[in-house]
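Below you'll find the structure, written out as structure tokens, and then a few comments.
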2 protein chains.
Amino acid sequence: MAGVLSALADPMRLRIVKSLMQQNECMSCSAAAPCPDMAKSTLSNHFRILREAGLIQTTKKGVEHRNVVREADLNARFPKLLKTIVGYAE
Amino acid sequence: MAGVLSALADPMRLRIVKSLMQQNECMSCSAAAPCPDMAKSTLSNHFRILREAGLIQTTKKGVEHRNVVREADLNARFPKLLKTIVGYAE
DNA sequence: TCAATAGTTCAGAACTAGTGAACTATTGAA
DNA sequence: TTCAATAGTTCACTAGTTCTGAACTATTGA
């Protein structure tokens with residue numbers, strides 16, 4: 001729970017999750033990047049945190065990594081939490 | 001929003017907010033302390049963060065500071081958020 | 001085989017959080 | 001009034017975290 005919250009407490013990561021949820025398809029890390037000038041390493045780190053918190057799932061597809069939000073898992077563990085928080089994302 | 005989330009993302013602060021909500025009355029900082037062995041300065045810092053995030057209101061009453069969760073304000077700004085998160089607090 | 005692309009890992013700088021010590025403010029007793 | 005006790009705050013220091021560029025790995029396509 002704390003892991004999920006602190007993952008989402010960062011505005012950049014919240015925006016990543018929001019854009020992943022808005023697309024129904026998987027997105028590569030750079031496609032979901034919240035701002036274009038962010039260092040690759042920083043972005044990579046944000047995705048790692050989201051993965052470790054159980055918020056996203058990443059699969060390798062060729063040269064890129066495709067990410068999806070693990071909505072079903074999260075709704076099972078914490079019903080309504082994700083939707084409530086993402087609903088308030090700037 | 002990010003401020004509210006990162007304030008609640010800390011397990012200690014979430015426990016503080018939870019105990020404040022369970023009591024209907026105000027509570028002093030030490031009464032709401034999530035664990036007895038925490039340093040006073042750390043506790044004070046947690047309360048400051050909760051205040052700055054707009055989560056609690058503190059009034060001085062004699063030698064102690066009385067704290068309440070600003071439920072009405074928070075529900076006005078972010079309906080259901082507080083209840084949802086606190087509901088999952090360990 | 002080689003360049004391009006997408007991410008990761010690493011090391012260092014910049015920032016943040018937890019702590020003890022010293023401080024302020026209020027109370028209540030001598 | 002004075003002094004000790006109590007409740008929090010502030011400060012300075014340490015320990016840990018985050019952000020970043022540089023170097024790396026892996027995959028693709030020419």
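The chains in the structure tokens are called A, B, ... from first to last as shown; in each chain the residues are counted from 1, and the ligands are counted from 1 in the order shown.
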
Quick one: which chain B residues come within 9 Å of chain D, and what is the nearest atom pair for each with the distance in Å to one decimal, counting only C-alpha atoms (C1' of nucleotides), rows ordered by chain and ascending number, as a tab-separated table?
residue	atom	partner	partner_atom	distance
B:Ser28	CA	D:DA7	C1'	8.7
B:Cys29	CA	D:DG8	C1'	8.3
B:Ser30	CA	D:DA7	C1'	8.2
B:Lys40	CA	D:DG8	C1'	7.9
B:Ser41	CA	D:DT9	C1'	7.7
B:Ser44	CA	D:DG8	C1'	6.8
B:Asn45	CA	D:DT9	C1'	9.0
B:Val63	CA	D:DA7	C1'	5.6
B:Glu64	CA	D:DA7	C1'	5.2
B:His65	CA	D:DA7	C1'	7.6

Chain A contacts on chain C, only C-alpha atoms (C1' of nucleotides), 8 Å, as a PyMOL selection string: chain C and resi 5-8

Near range 75-82 of chain B, counting only C-alpha atoms (C1' of nucleotides), which residues have an atom at most 7 Å away, once you skip same-chain residues fewer than 3 positions from it, shown as a list in words? Thr84 and Ile85 of chain A; Glu71, Ala72, Ile85 and Val86 of chain B

Go ahead and write the selection's residues with N, CA and C atoms as a short mmCIF file (atom, residue, chain, number, x, y, z; two decimals), in the first residue's frame.
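Result file is again_33.cif:
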data_model
loop_
_atom_site.label_atom_id
_atom_site.label_comp_id
_atom_site.auth_asym_id
_atom_site.auth_seq_id
_atom_site.Cartn_x
_atom_site.Cartn_y
_atom_site.Cartn_z
N THR A 84 -9.57 6.45 -8.21
CA THR A 84 -9.75 7.67 -7.41
C THR A 84 -8.54 8.58 -7.55
N ILE A 85 -7.36 8.02 -7.37
CA ILE A 85 -6.16 8.85 -7.42
C ILE A 85 -5.91 9.40 -8.82
N GLU B 71 -11.17 16.94 7.31
CA GLU B 71 -11.96 16.06 6.44
C GLU B 71 -12.85 16.82 5.48
N ALA B 72 -13.57 17.82 5.99
CA ALA B 72 -14.51 18.53 5.13
C ALA B 72 -13.78 19.20 3.96
N ILE B 85 -8.03 6.02 0.76
CA ILE B 85 -6.65 5.73 1.17
C ILE B 85 -6.58 5.24 2.61
N VAL B 86 -7.23 5.97 3.51
CA VAL B 86 -7.16 5.59 4.92
C VAL B 86 -7.78 4.21 5.14
#

Residues of chain A in alpha helix (DSSP H), written as a PyMOL selection string: chain A and resi 2-9+11-22+40-52+71-77+81-87

Selected residues written out, N, CA and C atoms, as a CSV table (one decimal), in the first residue's frame:
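Below you can see out_2.csv, which holds the result:
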chain,number,residue,atom,x,y,z
A,2,ALA,N,1.8,1.3,0.9
A,2,ALA,CA,2.7,2.5,1.0
A,2,ALA,C,3.5,2.6,-0.3
A,3,GLY,N,3.9,1.5,-0.8
A,3,GLY,CA,4.7,1.4,-2.1
A,3,GLY,C,3.8,2.0,-3.2
A,4,VAL,N,2.6,1.6,-3.3
A,4,VAL,CA,1.7,2.1,-4.4
A,4,VAL,C,1.5,3.6,-4.2
A,5,LEU,N,1.3,4.0,-3.0
A,5,LEU,CA,1.0,5.5,-2.8
A,5,LEU,C,2.3,6.3,-3.1
A,6,SER,N,3.4,5.8,-2.6
A,6,SER,CA,4.6,6.7,-2.9
A,6,SER,C,5.0,6.6,-4.4
A,7,ALA,N,4.7,5.5,-5.0
A,7,ALA,CA,4.9,5.5,-6.5
A,7,ALA,C,4.0,6.6,-7.2
A,8,LEU,N,2.8,6.7,-6.7
A,8,LEU,CA,1.8,7.6,-7.3
A,8,LEU,C,2.0,9.0,-6.8
A,9,ALA,N,2.7,9.2,-5.7
A,9,ALA,CA,2.8,10.5,-5.1
A,9,ALA,C,3.8,11.4,-5.9
A,11,PRO,N,4.5,13.4,-9.2
A,11,PRO,CA,3.7,13.9,-10.3
A,11,PRO,C,4.1,13.3,-11.6
A,12,MET,N,5.3,13.0,-11.9
A,12,MET,CA,5.8,12.5,-13.1
A,12,MET,C,5.2,11.0,-13.3
A,13,ARG,N,5.4,10.3,-12.2
A,13,ARG,CA,4.9,8.9,-12.3
A,13,ARG,C,3.4,8.8,-12.4
A,14,LEU,N,2.7,9.7,-11.7
A,14,LEU,CA,1.2,9.8,-11.8
A,14,LEU,C,0.8,10.1,-13.3
A,15,ARG,N,1.6,11.0,-13.9
A,15,ARG,CA,1.3,11.3,-15.3
A,15,ARG,C,1.5,10.1,-16.2
A,16,ILE,N,2.6,9.4,-15.9
A,16,ILE,CA,2.9,8.2,-16.7
A,16,ILE,C,1.7,7.2,-16.6
A,17,VAL,N,1.3,6.9,-15.4
A,17,VAL,CA,0.2,6.0,-15.1
A,17,VAL,C,-1.0,6.4,-15.8
A,18,LYS,N,-1.3,7.7,-15.7
A,18,LYS,CA,-2.5,8.3,-16.4
A,18,LYS,C,-2.4,8.1,-17.9
A,19,SER,N,-1.3,8.4,-18.5
A,19,SER,CA,-1.3,8.2,-20.0
A,19,SER,C,-1.3,6.7,-20.4
A,20,LEU,N,-0.8,5.9,-19.5
A,20,LEU,CA,-0.9,4.5,-19.8
A,20,LEU,C,-2.3,4.0,-19.8
A,21,MET,N,-3.1,4.6,-18.8
A,21,MET,CA,-4.5,4.2,-18.7
A,21,MET,C,-5.4,4.8,-19.8
A,22,GLN,N,-4.9,5.9,-20.3
A,22,GLN,CA,-5.8,6.6,-21.3
A,22,GLN,C,-5.7,5.8,-22.6
A,40,LYS,N,16.9,10.1,-19.8
A,40,LYS,CA,16.5,8.7,-20.0
A,40,LYS,C,16.6,7.9,-18.7
A,41,SER,N,17.7,8.2,-18.0
A,41,SER,CA,18.0,7.4,-16.8
A,41,SER,C,16.9,7.7,-15.7
A,42,THR,N,16.5,9.0,-15.7
A,42,THR,CA,15.4,9.3,-14.7
A,42,THR,C,14.1,8.6,-15.1
A,43,LEU,N,13.8,8.6,-16.4
A,43,LEU,CA,12.6,8.0,-16.9
A,43,LEU,C,12.7,6.5,-16.5
A,44,SER,N,13.8,5.9,-16.8
A,44,SER,CA,14.0,4.5,-16.6
A,44,SER,C,13.8,4.2,-15.1
A,45,ASN,N,14.3,5.0,-14.3
A,45,ASN,CA,14.1,4.9,-12.8
A,45,ASN,C,12.7,5.0,-12.4
A,46,HIS,N,11.9,5.9,-13.0
A,46,HIS,CA,10.5,6.0,-12.7
A,46,HIS,C,9.8,4.7,-13.1
A,47,PHE,N,10.1,4.2,-14.2
A,47,PHE,CA,9.4,2.9,-14.6
A,47,PHE,C,9.8,1.8,-13.7
A,48,ARG,N,11.0,1.8,-13.2
A,48,ARG,CA,11.4,0.7,-12.3
A,48,ARG,C,10.6,0.8,-11.0
A,49,ILE,N,10.4,2.0,-10.5
A,49,ILE,CA,9.7,2.2,-9.3
A,49,ILE,C,8.2,1.8,-9.5
A,50,LEU,N,7.7,2.1,-10.6
A,50,LEU,CA,6.3,1.7,-10.9
A,50,LEU,C,6.2,0.2,-11.0
A,51,ARG,N,7.2,-0.4,-11.6
A,51,ARG,CA,7.2,-1.9,-11.7
A,51,ARG,C,7.2,-2.5,-10.3
A,52,GLU,N,8.2,-2.0,-9.5
A,52,GLU,CA,8.4,-2.6,-8.2
A,52,GLU,C,7.2,-2.4,-7.3
A,71,GLU,N,-4.2,-2.9,-13.9
A,71,GLU,CA,-5.5,-2.4,-13.3
A,71,GLU,C,-6.2,-3.5,-12.6
A,72,ALA,N,-6.3,-4.7,-13.2
A,72,ALA,CA,-7.1,-5.8,-12.6
A,72,ALA,C,-6.5,-6.2,-11.2
A,73,ASP,N,-5.2,-6.4,-11.2
A,73,ASP,CA,-4.5,-6.7,-10.0
A,73,ASP,C,-4.7,-5.7,-8.9
A,74,LEU,N,-4.5,-4.4,-9.3
A,74,LEU,CA,-4.6,-3.3,-8.3
A,74,LEU,C,-6.1,-3.2,-7.8
A,75,ASN,N,-7.0,-3.4,-8.7
A,75,ASN,CA,-8.4,-3.3,-8.3
A,75,ASN,C,-8.8,-4.4,-7.3
A,76,ALA,N,-8.1,-5.5,-7.5
A,76,ALA,CA,-8.4,-6.7,-6.6
A,76,ALA,C,-7.8,-6.4,-5.2
A,77,ARG,N,-6.6,-5.8,-5.2
A,77,ARG,CA,-5.9,-5.6,-3.9
A,77,ARG,C,-6.6,-4.3,-3.2
A,81,LEU,N,-9.0,2.4,-5.5
A,81,LEU,CA,-7.8,3.3,-5.2
A,81,LEU,C,-7.2,4.0,-6.4
A,82,LEU,N,-6.9,3.2,-7.4
A,82,LEU,CA,-6.2,3.7,-8.6
A,82,LEU,C,-7.1,4.7,-9.3
A,83,LYS,N,-8.3,4.3,-9.5
A,83,LYS,CA,-9.3,5.2,-10.3
A,83,LYS,C,-9.4,6.6,-9.5
A,84,THR,N,-9.6,6.5,-8.2
A,84,THR,CA,-9.7,7.7,-7.4
A,84,THR,C,-8.5,8.6,-7.5
A,85,ILE,N,-7.4,8.0,-7.4
A,85,ILE,CA,-6.2,8.8,-7.4
A,85,ILE,C,-5.9,9.4,-8.8
A,86,VAL,N,-6.0,8.5,-9.8
A,86,VAL,CA,-5.7,9.0,-11.2
A,86,VAL,C,-6.7,10.0,-11.6
A,87,GLY,N,-7.9,9.9,-11.1
A,87,GLY,CA,-9.0,10.9,-11.4
A,87,GLY,C,-8.6,12.3,-11.0

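Put simply, CA of Ala39 in chain A is 19.6 Å away from CA of Thr58 in chain A.
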
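All residues in chain A with a DSSP state of strand (DSSP E), computed from the backbone, read Met27, Ser28, Ile56, Gln57, Thr58, Thr59, Lys60, Lys61, Glu64, His65, Arg66, Asn67, Val68 and Val69 of chain A.
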
Would you mind exporting the chosen residues as a compact mmCIF listing (two decimals), in the first residue's frame, restricted to N, CA and C atoms?
# COMPACT_ATOMS: atom_id res chain seq x y z
N MET A 27 2.31 0.93 -24.01
CA MET A 27 3.11 2.06 -24.50
C MET A 27 4.57 1.84 -24.16
N SER A 28 5.43 2.28 -25.04
CA SER A 28 6.85 2.23 -24.73
C SER A 28 7.15 3.27 -23.66
N ILE A 56 2.72 -1.32 -12.79
CA ILE A 56 2.76 -1.60 -14.22
C ILE A 56 3.45 -2.94 -14.49
N GLN A 57 3.21 -3.42 -15.69
CA GLN A 57 3.89 -4.63 -16.14
C GLN A 57 4.60 -4.27 -17.44
N THR A 58 5.82 -4.75 -17.56
CA THR A 58 6.62 -4.40 -18.72
C THR A 58 7.01 -5.67 -19.46
N THR A 59 6.82 -5.65 -20.77
CA THR A 59 7.29 -6.77 -21.58
C THR A 59 8.16 -6.22 -22.69
N LYS A 60 9.17 -7.00 -23.04
CA LYS A 60 10.07 -6.55 -24.08
C LYS A 60 9.48 -6.91 -25.44
N LYS A 61 9.45 -5.94 -26.32
CA LYS A 61 8.95 -6.18 -27.68
C LYS A 61 9.95 -5.53 -28.61
N GLU A 64 11.96 -2.06 -27.94
CA GLU A 64 11.31 -1.27 -26.90
C GLU A 64 10.61 -2.11 -25.85
N HIS A 65 10.33 -1.46 -24.72
CA HIS A 65 9.63 -2.12 -23.62
C HIS A 65 8.20 -1.62 -23.61
N ARG A 66 7.25 -2.54 -23.62
CA ARG A 66 5.85 -2.14 -23.65
C ARG A 66 5.28 -2.22 -22.26
N ASN A 67 4.63 -1.13 -21.84
CA ASN A 67 4.12 -1.05 -20.47
C ASN A 67 2.60 -0.99 -20.44
N VAL A 68 2.03 -1.66 -19.46
CA VAL A 68 0.60 -1.56 -19.17
C VAL A 68 0.39 -1.40 -17.68
N VAL A 69 -0.68 -0.72 -17.32
CA VAL A 69 -1.04 -0.61 -15.91
C VAL A 69 -1.74 -1.91 -15.51

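Residue nearest chain B, chosen from A:Cys35, A:Ala53, A:Cys26, A:Ala89 and counting only C-alpha atoms: A:Ala89.
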
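Between CA of Asp10 in chain B and C1' of DT19 in chain C there is a distance of 17.6 Å.
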
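Distance check against chain B using only C-alpha atoms: of A:Glu25, A:Tyr88, A:Gly54, A:Ala33, the minimum falls on A:Tyr88.
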